[in-house]
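*Asks:* My file is entry-v8.cif. It has mmCIF, C-alpha atoms:
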data_input
#
loop_
_atom_site.label_atom_id
_atom_site.label_comp_id
_atom_site.auth_asym_id
_atom_site.auth_seq_id
_atom_site.Cartn_x
_atom_site.Cartn_y
_atom_site.Cartn_z
CA MET A 156 169.75 85.27 18.83
CA ASP A 157 169.13 83.50 22.14
CA ILE A 158 165.44 82.57 22.04
CA ALA A 159 165.53 81.27 25.62
CA ALA A 160 166.73 84.68 26.88
CA ILE A 161 164.15 86.51 24.79
CA ARG A 162 161.40 84.19 26.02
CA LYS A 163 162.48 84.86 29.61
CA LYS A 164 162.39 88.62 28.96
CA TRP A 165 158.72 88.44 27.91
CA ILE A 166 157.80 86.02 30.69
CA ASP A 167 159.35 88.45 33.19
CA TYR A 168 157.47 91.32 31.56
CA ASN A 169 154.14 89.52 32.06
CA ASP A 170 155.13 88.39 35.54
CA GLU A 171 155.69 92.00 36.57
CA LYS A 172 152.05 92.82 35.76
CA ILE A 173 150.84 89.66 37.50
CA CYS A 174 152.83 90.49 40.65
CA LEU A 175 151.41 94.03 40.74
CA PHE A 176 147.91 92.56 40.61
CA LEU A 177 148.65 89.96 43.27
CA GLY A 178 150.17 92.66 45.49
CA PHE A 179 146.94 94.62 45.12
CA LEU A 180 144.87 91.54 46.06
CA LYS A 181 147.12 90.83 49.03
CA LYS A 182 146.81 94.42 50.23
CA GLU A 183 143.01 94.11 50.04
CA GLY A 184 143.30 91.10 52.34
CA LYS A 185 140.33 89.25 50.83
CA LEU A 186 142.28 86.16 49.75
CA SER A 187 144.34 83.62 51.61
CA GLU A 188 147.94 82.91 50.66
CA ASP A 189 146.78 79.66 49.04
CA GLU A 190 144.22 81.51 46.91
CA LEU A 191 146.81 84.07 45.88
CA PHE A 192 149.16 81.24 44.88
CA VAL A 193 146.45 79.57 42.78
CA ASN A 194 145.67 82.87 41.06
CA LYS A 195 149.36 83.37 40.31
CA LYS A 196 149.62 79.87 38.79
CA LEU A 197 146.52 80.44 36.63
CA LEU A 198 147.79 83.76 35.32
CA GLU A 199 151.25 82.32 34.73
CA ASP A 200 149.81 79.36 32.80
CA PHE A 201 147.81 81.76 30.65
CA SER A 202 150.67 84.19 30.09
CA VAL A 203 153.41 81.61 29.44
CA ASP A 204 151.76 78.51 27.97
CA TYR A 205 149.23 80.35 25.85
CA LEU A 206 150.41 83.92 25.20
CA ILE A 207 154.18 83.44 24.96
CA ASP A 208 154.60 79.82 23.86
CA TYR A 209 151.49 79.37 21.71
CA GLU A 210 150.38 82.76 20.35
CA SER A 211 153.55 84.84 20.17
CA GLU A 212 156.01 84.88 17.31
CA LEU A 213 159.22 84.73 19.33
CA GLU A 214 161.48 83.62 16.51
CA GLU A 215 159.96 85.95 13.89
CA ASP A 216 159.72 89.10 16.03
CA PRO A 217 161.80 88.67 19.22
CA ASP A 218 162.00 92.41 19.93
CA ASN A 219 158.25 92.85 19.48
CA GLU A 220 158.76 95.52 16.84
CA ASP A 221 155.73 94.41 14.83
CA PHE A 222 153.75 93.31 17.88
CA GLY A 223 154.70 89.67 17.40
CA ILE A 224 154.66 89.07 21.15
CA ILE A 225 151.29 88.96 22.88
CA THR A 226 151.82 90.38 26.34
CA ILE A 227 149.29 90.09 29.12
CA ASP A 228 148.55 93.82 28.96
CA THR A 229 147.62 93.64 25.25
CA VAL A 230 145.13 90.76 25.43
CA THR A 231 142.01 91.36 23.38
CA ALA A 232 138.55 89.78 23.44
CA GLY A 233 139.63 87.53 20.56
CA PHE A 234 142.49 86.07 22.58
CA LEU A 235 140.16 85.47 25.54
CA ASP A 236 137.67 83.73 23.25
CA ASP A 237 140.36 81.50 21.84
CA TYR A 238 141.81 80.72 25.25
CA LEU A 239 138.62 80.17 27.24
CA GLY A 240 136.56 78.74 24.39
CA ARG A 241 139.12 76.42 22.83
CA TRP A 242 142.76 76.30 23.99
CA PHE A 243 142.20 75.88 27.74
CA ILE A 244 139.48 73.29 27.14
CA GLN A 245 141.69 71.21 24.85
CA LYS A 246 145.20 71.81 26.15
CA GLY A 247 144.95 73.41 29.57
CA LYS A 248 146.14 71.84 32.78
CA ASN A 249 143.14 70.09 34.37
CA PRO A 250 140.47 71.93 32.32
CA THR A 251 137.49 71.50 34.64
CA GLU A 252 134.35 73.58 34.57
CA GLU A 253 135.23 74.95 38.02
CA LYS A 254 138.66 76.05 36.82
CA LEU A 255 137.10 77.67 33.75
CA LEU A 256 134.77 79.67 36.00
CA ARG A 257 137.71 80.63 38.20
CA TYR A 258 139.61 81.88 35.14
CA ILE A 259 136.64 83.98 34.05
CA GLY A 260 136.35 85.64 37.47
CA LEU A 261 140.10 86.10 37.73
CA PHE A 262 140.37 87.62 34.25
CA ASN A 263 137.52 89.97 35.06
CA GLU A 264 139.39 91.28 38.11
CA PHE A 265 142.82 91.22 36.49
CA PHE A 266 141.96 93.18 33.36
CA GLN A 267 139.93 95.68 35.39
CA PHE A 268 143.01 96.16 37.59
CA LEU A 269 145.18 96.76 34.51
CA LYS A 270 142.66 99.26 33.12
CA ASP A 271 142.21 101.08 36.45
CA ASN A 272 145.98 101.42 36.83
CA LYS A 273 146.54 102.51 33.22
CA LEU A 274 148.49 99.33 32.46
CA TYR A 275 146.15 97.97 29.78
CA LYS A 276 147.61 98.94 26.41
CA GLU A 277 144.65 98.36 24.10
CA ARG A 278 142.01 100.93 23.19
CA ALA A 279 139.02 101.53 25.45
CA ALA A 280 136.71 99.88 22.90
CA GLN A 281 138.76 96.69 23.05
CA PHE A 282 138.58 96.70 26.85
CA THR A 283 134.80 97.10 26.70
CA LYS A 284 134.56 94.17 24.31
CA LEU A 285 136.78 92.04 26.55
CA LYS A 286 134.69 92.83 29.64
CA LYS A 287 131.43 92.02 27.83
CA ARG A 288 132.78 88.60 26.91
CA LEU A 289 133.66 87.88 30.52
CA GLU A 290 130.11 88.80 31.59
CA LYS A 291 128.77 85.88 29.51
CA PRO A 292 130.43 82.77 30.93
CA ASP A 293 127.69 80.47 29.58
CA LYS A 294 129.25 80.55 26.11
CA TYR A 295 132.53 79.20 27.48
CA LEU A 296 130.80 76.72 29.78
CA ASN A 297 128.72 75.38 26.90
CA ARG A 298 131.88 74.96 24.84
CA HIS A 299 133.41 73.00 27.71
CA LYS A 300 130.37 70.71 27.89
CA GLU A 301 130.38 70.22 24.11
CA TYR A 302 134.03 69.21 24.21
CA GLN A 303 133.41 66.72 27.00
CA ALA A 304 130.64 65.18 24.89
CA LEU A 305 133.04 65.01 21.93
CA MET A 306 135.57 63.11 24.00
CA GLN A 307 132.89 60.56 24.89
CA GLU A 308 131.96 60.21 21.20
CA LYS A 309 135.61 59.59 20.34
CA ASP A 310 135.46 56.21 22.06
CA ARG A 311 132.17 55.22 20.39
CA ASN A 312 132.57 56.37 16.79
CA TYR A 313 135.90 57.84 15.74
CA ASP A 314 134.74 58.94 12.25
CA ALA A 315 131.77 60.85 13.67
CA TYR A 316 134.08 62.31 16.32
CA THR A 317 136.52 63.72 13.73
CA ASP A 318 133.68 65.45 11.85
CA MET A 319 132.23 66.81 15.08
CA LEU A 320 135.65 67.97 16.26
CA GLN A 321 136.18 69.95 13.05
CA ASP A 322 132.83 71.68 13.57
CA TRP A 323 133.72 72.36 17.19
CA GLU A 324 137.11 73.84 16.28
CA ASP A 325 135.55 76.09 13.62
CA TRP A 326 133.63 77.89 16.38
CA ASP A 327 133.57 81.65 16.09
CA PHE A 328 132.39 83.80 18.93
#
Is it possible to express this structure as C-alpha cells?

*Replies:*
Amino acid sequence: MDIAAIRKKWIDYNDEKICLFLGFLKKEGKLSEDELFVNKKLLEDFSVDYLIDYESELEEDPDNEDFGIITIDTVTAGFLDDYLGRWFIQKGKNPTEEKLLRYIGLFNEFFQFLKDNKLYKERAAQFTKLKKRLEKPDKYLNRHKEYQALMQEKDRNYDAYTDMLQDWEDWDF
C-alpha cells in the first residue's frame, strides 16, 4: 500500500471541490486574483493539514470504506468546532483573529456552495447545524483570546498554565 499515493488521491478529491468553488467565485467577479489565491490556500490548509493529515485514518482505511477519510464535502459541525475552536488556534499557520474571521466567512460561503450544488454529502440536519455554528463567531473568537492569554501565562507560571491548558483543551461546544 502506497500511503503517499492514497494521500494524494484524497487531496486531489478535496482540491476538485475547492476549485469548483473558486471557479464560481471567479465567475461572480467579486474577488481579486489575490483574494482568490488566499481563499484557495486557506481551504487547502484546512483540507490537507487538518482533514487529511490530522483527522483521517489513511493507514487504517485508505479506500474510505468505513468513512475513515474526512473529505471536505463531509465536514460536520463537530469538525468545524474542533478546527476553528482548537486546532487552528493551536497549530494553524499564523492563527490571528483576522484569519479566524476570514475562515468563518469563507466556510460559510464554501459549505453553502457545496449544499446549493448538491455536493455536500451529509444530511440536511447536519448542514443546518454547521451553518448555525458559523453564525456565532464569538465562540471561536473568545477561544482564540483565551488561548492567547494562556500563552502569556505560560511564561509567568508554568504549573498554572498546564492546568489552565487542560481546561481549555477539554472545551466542548

*Asks:* Find, counting all atoms listed in the file, the residue in A:Glu183, A:Asp271, A:Asp322, A:Asp236 that gets nearest to Leu285 in chain A.

*Replies:*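 Using all atoms listed in the file, the shortest distance to Leu285 in chain A belongs to A:Asp236.
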
*Asks:* Report, in Å to a single decimal, how far apart CA of Trp326 in chain A and CA of Arg298 in chain A are.

*Replies:* 9.1 Å

*Asks:* Restrict the calculation to only C-alpha atoms, then for each residue of range 193-231 of chain A with any atom at most 8 Å from an atom of range 160-176 of chain A give the closest atom pair and their distance in Å to one decimal, rows by chain and rising residue number, as a tab-separated table.

*Replies:*
residue	atom	partner	partner_atom	distance
A:Lys195	CA	A:Ile173	CA	7.0
A:Leu198	CA	A:Ile173	CA	7.0
A:Glu199	CA	A:Asp170	CA	7.2
A:Ser202	CA	A:Asn169	CA	6.7
A:Val203	CA	A:Ile166	CA	6.3
A:Ile207	CA	A:Ile166	CA	7.3
A:Leu213	CA	A:Arg162	CA	7.1
A:Pro217	CA	A:Ile161	CA	6.4
A:Asp218	CA	A:Ile161	CA	7.9
A:Ile224	CA	A:Trp165	CA	7.9
A:Thr226	CA	A:Asn169	CA	6.2
A:Ile227	CA	A:Asn169	CA	5.7
A:Asp228	CA	A:Asn169	CA	7.7

*Asks:* Dump C-alpha atoms for the selected residues as an mmCIF file, keeping the file's coordinate frame?

*Replies:*
data_model
loop_
_atom_site.group_PDB
_atom_site.id
_atom_site.type_symbol
_atom_site.label_atom_id
_atom_site.label_comp_id
_atom_site.auth_asym_id
_atom_site.auth_seq_id
_atom_site.Cartn_x
_atom_site.Cartn_y
_atom_site.Cartn_z
ATOM 1 C CA LYS A 195 149.360 83.370 40.310
ATOM 2 C CA LEU A 198 147.790 83.760 35.320
ATOM 3 C CA GLU A 199 151.250 82.320 34.730
ATOM 4 C CA SER A 202 150.670 84.190 30.090
ATOM 5 C CA VAL A 203 153.410 81.610 29.440
ATOM 6 C CA ILE A 207 154.180 83.440 24.960
ATOM 7 C CA LEU A 213 159.220 84.730 19.330
ATOM 8 C CA PRO A 217 161.800 88.670 19.220
ATOM 9 C CA ASP A 218 162.000 92.410 19.930
ATOM 10 C CA ILE A 224 154.660 89.070 21.150
ATOM 11 C CA THR A 226 151.820 90.380 26.340
ATOM 12 C CA ILE A 227 149.290 90.090 29.120
ATOM 13 C CA ASP A 228 148.550 93.820 28.960
#

*Asks:* With only C-alpha atoms as the atoms that count, which of A:Asn297, A:Asn194, A:Thr229, A:Gln321 lies nearest to Ile244 in chain A?

*Replies:*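 Distance minimum relative to Ile244 in chain A lands on A:Asn297.
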
*Asks:* Quick one: distance from CA of Leu269 in chain A to CA of Tyr238 in chain A in Å, one decimal?

*Replies:* 18.8 Å

*Asks:* Please identify all polymer residues within 12 Å of range 302-316 of chain A, counting all atoms listed in the file, omitting same-chain residues fewer than 4 positions from it, and present them as a VMD selection string.

*Replies:* chain A and resid 240 to 246 250 to 252 295 to 298 320 to 324 326

*Asks:* May I have the protein, DNA and RNA residues with an atom at most 12 Å from (142.1, 95.3, 36.9), counting all atoms listed in the file in the file's coordinates, returned as a ChimeraX atom specification?

*Replies:* /A:172-173,175-177,179-180,227-228,260-275,282,286

*Asks:* So how far away is CA of Ile225 in chain A from CA of Leu206 in chain A, in Å?

*Replies:*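 About the pair CA of Leu206 in chain A and CA of Ile225 in chain A: they are 5.6 Å apart.
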
*Asks:* Identify which of the residues A:Glu215, A:Glu190, A:Asp237, A:Asp157 lies closest to Asp325 in chain A, counting only C-alpha atoms when measuring atom-to-atom distances.

*Replies:*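 That would be A:Asp237, the residue with the smallest distance to Asp325 in chain A.
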
*Asks:* Give the answer as one residue: which of A:Phe201, A:Glu210, A:Gly223, A:Glu188 has the shortest atom-to-atom distance to Tyr258 in chain A, using only C-alpha atoms?

*Replies:*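 When distances to Tyr258 in chain A are compared using only C-alpha atoms, the smallest one comes from A:Phe201.
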
*Asks:* Nearest to Phe234 in chain A among A:Asp327, A:Glu301, A:Glu290, A:Asp189, with distances taken over all atoms listed in the file: which residue is it?

*Replies:*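 Of A:Asp327, A:Glu301, A:Glu290, A:Asp189, the one nearest Phe234 in chain A, counting all atoms listed in the file, is A:Asp327.
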
*Asks:* Neighbouring residues of Leu191 in chain A were defined as those with any atom within 10 Å, considering all atoms listed in the file; residues of the same chain fewer than 4 positions away were excluded. Please report them as number ranges by chain.

*Replies:* A: 177-178, 180-181, 185-187, 195-197
